[in-house]
Structure formats: C-alpha cells, structure tokens
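Take a look at the structure below.
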Amino acid sequence: MLDVNGVQKIYRGKDREVEAVRDLTFRLEEGELACLVGPSGCGKTTLLKCIAGLLKPTSGSVEVAGKAVTGPPRDMSVVFQEYGRSLFSWLTVQGNVELPLKEKKLSKERRRTLVTEALEAVGLADSARSYPWQLSGGMQQRVAIARAIAYEPRVLLMDEPFAAVDAQTRADLEDLIRGLWQRFSMTVLFITHDIDEAVYLGQRVLVLSSSPTVVQDDVAVDLPAERDQLTTRSDQRFTELRARVYSEIQNAKNGQAASAPAAT
Amino acid sequence: MTLVIRTVRITRRGAVRLTQLFLLPVLLILLWWWYSSASASYYMTTPGEIAATFVEVWFSERFFVDVLPSVGLLLTGYALAAVLGTTLGVVLGLSSRMRATAEPVLEFFRAIPPPVLVPLLMLLVGVNTPMKVALIVSGCIWPILLNTIEGVRSVDPVLADTCRCYGVRGRRWLTTLVLRSASPQIMAGLRQALAIAIILMVISEMFATTSGLGFSIVQFQRSFAIPEMWSGIVLLGLIGVTLSTLFVQVERRVLRWYDGVRAAARDE
C-alpha cells in the first residue's frame, strides 16, 4: 500500500550540504498500522514530508497504492503535530472538517454524512459549531483527526500528533487511534519519538537511526489486537518489546549497526 | 428582590459607562464655552452659537450639495484603494521575486506626501472628480498595500501544508487560507487608510473647486462666516467618528476569530 524505496534527502545550503535522510526503504501492507520511532532530530519530519508529497526526495521514490507520489496524493490524509496551527481559526469545527470535502466536489448530503460520522467517531459531535480556539488542545487534535478521517483516506500519516498534549489526554487519543484504525480499516503510519506509544499502538515498529537516517530495525509487535492502557502496558511481552526498541534507539544514537537487521 | 438588585446593578453599570463616555466631552465643551464667552476675539464662537449655526447650515440643501458628494468621494476613493491595495498586496506577498523588484519603487512612492500630488494630478487628470478620487487613492493605498504584503507573507506554513495535503487550491485557497490569514493585518491597514482618506478628501476640495465640505469651510473662512466655519469643522469631526465607529463594528465581525484566538492564548 505504501512503498518507500531508497529515499534520500539532501538539503543544499549555500556552502554546505546536509544529508537528512540517507537511504530508507520499507513497505506497509494494506490495513497495517506501523509506528516510526527514532532519536530526536533523525529526520522523521523530512521523511513524512517526502511521503506526503510535500517535499521531493533527492533520490528514491514513494508509492501509494502502486502510484508514484509526485504531489500530495488524493487518498492520503495527514495529521500534524501542531494542531493549533493546522486548523483554520476562522472556521468552525464543522467547517474545518468539511473544507477538504468541498474540494473533493462531494455532494452536500454526502459531505454532511461524512462530517457527522467523523465528528461522532472522535467524540466531538456536540462541538460541531464551536471554533477551534474554544476547545482544549486534546479536542483540537481530535478535530484534526476527524478532518483526516472524513477525507476517507486509504493511508493516514500522523506526525507526532500527541507530542503537545498532556499524558492523560494522550492515553485517550492513543486508544482513539486504534479504535479508528480498526473501524475505518486504513493503513496508518504513525511517527513518534515515544517508545511506549510506538509499541502500544503499532502492529510493527520501525526504528530509525540518527541522521543521516536509515532503518535501524523493524520490530513486529506480537501483542493481542485488543489493547488496553492498563493490561497491555503491564504485559511481560510489552516490556520486552519496549526494551528492545529502547536499546535499538540507544544503538542508533551511538551509531552502531542494528544487532539483528530487519528481524521479526 | 433579586430582580430589583439586578436592575439597580445594571442601571448603575450603565450610568458608569455613560459617565466615562461623556464626562470629558462635556468638560471640554464647558471649557470652550467659558473661554469663548470670556474672549473678546471675533474668531472664537461659543458652542451654543456653533450648534445653532450647525443646524441652520447643514440641515439644509447644503447637505445634498456639499456633504453627500464629499462623503461619496471619500468612500469611492477609499473603496478603490482597498481593492487595489489588497489585490496588489496579495500578488506581491505571494511572490518574493516580484516583491524584490517592486519594493524600492514602493518605498519611494510611499515617501511622497500625497498633498504635493495635487498640482500634478490637476495637470494630468484635470480639475474634476476623478482627480479627487485619484488623490485619495494615492494616499490611502500605502498602508493597505504594505500591511497586506506583510499579512500574506506571514501565512502559517503548517496551515499552508495542510491545504496542500487536502488539495485546497485555487479560489478556495485564496479566500480561505491567504485572505483570512492576512485579515488582521489587512484590517489594520484599512483602519489607517480611513483616517488618511478623510484628510485627503478635505484637501482635494480645497483646490479649484466650487462645492464640497473642504471647499465650504475655506469659503466660510474667507468670507468671515466664523460660526459657519466652526460648524463645518465640527461636521468633519462627526463624520470621522461615525466612519470609525462603523469600521470598528465591521472589524469586530471580521476578526471575531482573531480576538478569540488571542483571548484563548492569554488564558493559557
């Protein structure tokens, strides 16, 4: 569903070149939920922009559903970390969710159905007529998530979406994402710097090295599909996986090669 | 019982507000009254006399001959400047190359005080209404243009990326993203321009014309019709206050979201 082939990104400044991403190759199957973790400053955001078609990679290619990405693909939606800056303050919650659908030239009834369904799915049915600035941070990010879902994407990209919300809201939003993923059967790529979050959410965790970035490790998360903040996080297997991802990230920071590349 | 207390409270609050609004104007009028009646100067007229003359002079045919055309002129020039200024501002704000080319020229034109354009415009356009409109536009356009450029340049990159991801482009991109993002700055420019427009309206009517508010005031002064002259000045002040009150009403509606965002940021 999502193919990333040898993506490299070099930023060329006046007198120096910065290689942010060296060589990234991975593949997400249809309906998969994968998390990308890496040390801070490892080029996660650069990678996201390349996948989203906002940035052209220096070499390599990205394919969504077999089609090469040259600009933002139609069947992909993105949730950014800065929820406050990715919502239109002058539009209501409903207006924010509906805007991309107008551009999709959907009928009024269809738009209304999608908006209502998406807002209900994120638990904001009662706030449709509010403005984003009247809501808390967590609720604002729910609006951005509702907008992404109403767009009916086949691939959902999330760039550290919960980095700026408090811990309790974060736990709620993590469960929300798993619920939505199961309900709407999308392919989800979730970028985060939080190891616990990556293991808790994903079916698979891709560990990135520090910049210039390569895939350091690919960990399959063999936890049961029904996850729960309390029981899953205290599960023996969860702790093992968490430790493994953690040590890989330490290795990545110290510049060592993966102990077991692409192991599962 | 509570109803009585509440009514008293509301009345009291209303009284405080009224006092705040009118205390200083009333004091100033009293001061003026005392000074003008004590003064022996022929040119100082008491507020009572000005008020009586005001009714007599402006509640007459003059309202249609002098006042309405002047206000029409003002609004025409202002509207033209608003349309031209925002359009050019959006174009220049979006293209850094065009901005680099145009900026030195803009700075030069902006530095020219508009009143000195009067002789030039009289030669180029002639002594007529288009000349007056041109003068108002030439003065008003700068704050609108420069503020629009700034506003368009400061569109949030995350919001711009959001629009790209969701395929928001063309007209909807322009109106929903660019113009709305820039609206606080555009409104600030429009507010400055309004004050300039009033000044330029008066100046445009002081040269080689035979009607209008500016012309009337100069005419009264030259024929020693002093109370009439004062009443004209008062009328100009009232027009200014009315227009800026209307502007504030419009601004409050357009920038409701902006006030909300700022209030929310303060609470955090």
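By order of appearance in the structure tokens: chains A, B, ..., then residues from 1 within every chain, and ligands from 1 in the order shown.
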
Q: Do a neighbour search on region 109-112 of chain A at 8 Å with only C-alpha atoms, toss out local chain neighbours closer than 5 positions, and write the hits as a VMD selection string.
A: chain A and resid 98 101 to 102

Could you save the residues just selected, with C-alpha atoms, as a tab-separated table (two decimals), in the first residue's frame?
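Output below, filename result.tsv:
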chain	number	residue	atom	x	y	z
A	98	GLU	CA	-15.80	19.90	5.68
A	101	LEU	CA	-14.54	17.56	1.16
A	102	LYS	CA	-15.72	20.64	-0.72

Sorted by chain and rising residue number, which residues of chain A lie within 9 Å of chain B, and what are their closest atom pairs and distances in Å to one decimal, counting only C-alpha atoms, as JSON lines?
{"residue": "A:Ala52", "atom": "CA", "partner": "B:Cys165", "partner_atom": "CA", "distance": 7.1}
{"residue": "A:Gly53", "atom": "CA", "partner": "B:Cys165", "partner_atom": "CA", "distance": 7.9}
{"residue": "A:Leu54", "atom": "CA", "partner": "B:Asp161", "partner_atom": "CA", "distance": 7.3}
{"residue": "A:Gly71", "atom": "CA", "partner": "B:Cys165", "partner_atom": "CA", "distance": 8.5}
{"residue": "A:Pro72", "atom": "CA", "partner": "B:Cys165", "partner_atom": "CA", "distance": 5.2}
{"residue": "A:Pro73", "atom": "CA", "partner": "B:Cys165", "partner_atom": "CA", "distance": 7.5}
{"residue": "A:Arg74", "atom": "CA", "partner": "B:Tyr166", "partner_atom": "CA", "distance": 7.4}
{"residue": "A:Met76", "atom": "CA", "partner": "B:Cys165", "partner_atom": "CA", "distance": 7.8}
{"residue": "A:Ser77", "atom": "CA", "partner": "B:Cys165", "partner_atom": "CA", "distance": 6.7}
{"residue": "A:Val78", "atom": "CA", "partner": "B:Cys165", "partner_atom": "CA", "distance": 6.9}
{"residue": "A:Val79", "atom": "CA", "partner": "B:Thr162", "partner_atom": "CA", "distance": 8.5}
{"residue": "A:Phe80", "atom": "CA", "partner": "B:Val158", "partner_atom": "CA", "distance": 7.9}
{"residue": "A:Glu82", "atom": "CA", "partner": "B:Val158", "partner_atom": "CA", "distance": 7.6}
{"residue": "A:Arg85", "atom": "CA", "partner": "B:Leu159", "partner_atom": "CA", "distance": 6.0}
{"residue": "A:Ser86", "atom": "CA", "partner": "B:Leu159", "partner_atom": "CA", "distance": 4.7}
{"residue": "A:Leu87", "atom": "CA", "partner": "B:Leu159", "partner_atom": "CA", "distance": 6.9}
{"residue": "A:Phe88", "atom": "CA", "partner": "B:Leu159", "partner_atom": "CA", "distance": 7.6}
{"residue": "A:Ser89", "atom": "CA", "partner": "B:Trp257", "partner_atom": "CA", "distance": 6.1}
{"residue": "A:Trp90", "atom": "CA", "partner": "B:Trp257", "partner_atom": "CA", "distance": 5.2}
{"residue": "A:Leu91", "atom": "CA", "partner": "B:Trp257", "partner_atom": "CA", "distance": 8.3}
{"residue": "A:Leu99", "atom": "CA", "partner": "B:Val168", "partner_atom": "CA", "distance": 7.9}
{"residue": "A:Pro100", "atom": "CA", "partner": "B:Tyr166", "partner_atom": "CA", "distance": 5.4}
{"residue": "A:Leu101", "atom": "CA", "partner": "B:Tyr166", "partner_atom": "CA", "distance": 8.5}
{"residue": "A:Lys102", "atom": "CA", "partner": "B:Val168", "partner_atom": "CA", "distance": 8.8}
{"residue": "A:Glu103", "atom": "CA", "partner": "B:Val168", "partner_atom": "CA", "distance": 6.0}
{"residue": "A:Lys104", "atom": "CA", "partner": "B:Gly167", "partner_atom": "CA", "distance": 8.0}
{"residue": "A:Tyr131", "atom": "CA", "partner": "B:Trp257", "partner_atom": "CA", "distance": 7.9}
{"residue": "A:Pro132", "atom": "CA", "partner": "B:Val261", "partner_atom": "CA", "distance": 8.7}
{"residue": "A:Trp133", "atom": "CA", "partner": "B:Val261", "partner_atom": "CA", "distance": 5.5}
{"residue": "A:Gln134", "atom": "CA", "partner": "B:Ala264", "partner_atom": "CA", "distance": 7.2}
{"residue": "A:Ala148", "atom": "CA", "partner": "B:Tyr166", "partner_atom": "CA", "distance": 8.8}
{"residue": "A:Tyr151", "atom": "CA", "partner": "B:Tyr166", "partner_atom": "CA", "distance": 8.1}

Q. Neighbours of Val67 (chain B) within 12 Å (only C-alpha atoms; same-chain residues fewer than 6 positions away dropped), as a PyMOL selection string?
A. chain B and resi 57-61+73-74+201-202+205+211-217+232+235-236+238-239

**Q.** Which of A:Asp228, A:Glu17, A:Ser209, A:Gly84 sits closest to Pro161 (chain A) [using only C-alpha atoms]
**A.** A:Gly84

Q: Enumerate the residues of region 87-262 of chain A with a DSSP assignment of helix (DSSP H, G or I), computed from the backbone, and present them as a PyMOL selection string.
A: chain A and resi 93-103+108-121+125-127+132-134+137-150+167-184+195-201+229-234+236-254

Q | Nearby residues (only C-alpha atoms) at most 8 Å from Val205 (chain A), same-chain spacing under 2 positions excluded, as a list in words | A | Ala34, Cys35, Leu36, Val37, Ala198, Val199, Gly202, Gln203, Val207, Asp218, Val219, Ala220 and Val221 of chain A

Take the residues that were just selected and, keeping N, CA and C atoms, output them as a short mmCIF file (atom, residue, chain, number, x, y, z; two decimals), in the first residue's frame.
data_model
loop_
_atom_site.label_atom_id
_atom_site.label_comp_id
_atom_site.auth_asym_id
_atom_site.auth_seq_id
_atom_site.Cartn_x
_atom_site.Cartn_y
_atom_site.Cartn_z
N ALA A 34 1.67 0.93 11.43
CA ALA A 34 3.08 0.88 11.79
C ALA A 34 3.50 2.18 12.45
N CYS A 35 4.41 2.06 13.41
CA CYS A 35 4.93 3.26 14.06
C CYS A 35 6.40 3.43 13.70
N LEU A 36 6.77 4.68 13.47
CA LEU A 36 8.17 5.01 13.20
C LEU A 36 8.71 5.71 14.43
N VAL A 37 9.77 5.16 15.03
CA VAL A 37 10.41 5.88 16.13
C VAL A 37 11.87 6.11 15.79
N ALA A 198 4.82 3.94 20.64
CA ALA A 198 5.03 3.19 19.40
C ALA A 198 4.66 1.72 19.60
N VAL A 199 5.12 1.15 20.73
CA VAL A 199 4.86 -0.28 20.98
C VAL A 199 3.38 -0.50 21.28
N GLY A 202 1.38 0.21 17.68
CA GLY A 202 1.66 -0.39 16.38
C GLY A 202 1.51 -1.90 16.32
N GLN A 203 1.36 -2.39 15.06
CA GLN A 203 1.50 -3.81 14.81
C GLN A 203 2.97 -4.07 14.55
N VAL A 207 12.37 1.25 13.63
CA VAL A 207 13.28 2.10 14.38
C VAL A 207 14.24 2.77 13.40
N ASP A 218 13.34 -3.34 12.45
CA ASP A 218 11.93 -3.47 12.12
C ASP A 218 11.35 -4.50 13.09
N VAL A 219 10.59 -4.05 14.08
CA VAL A 219 10.14 -4.93 15.15
C VAL A 219 8.65 -5.23 14.99
N ALA A 220 8.31 -6.51 14.91
CA ALA A 220 6.89 -6.87 14.86
C ALA A 220 6.35 -6.89 16.29
N VAL A 221 5.22 -6.24 16.51
CA VAL A 221 4.65 -6.20 17.85
C VAL A 221 3.60 -7.30 17.96
#
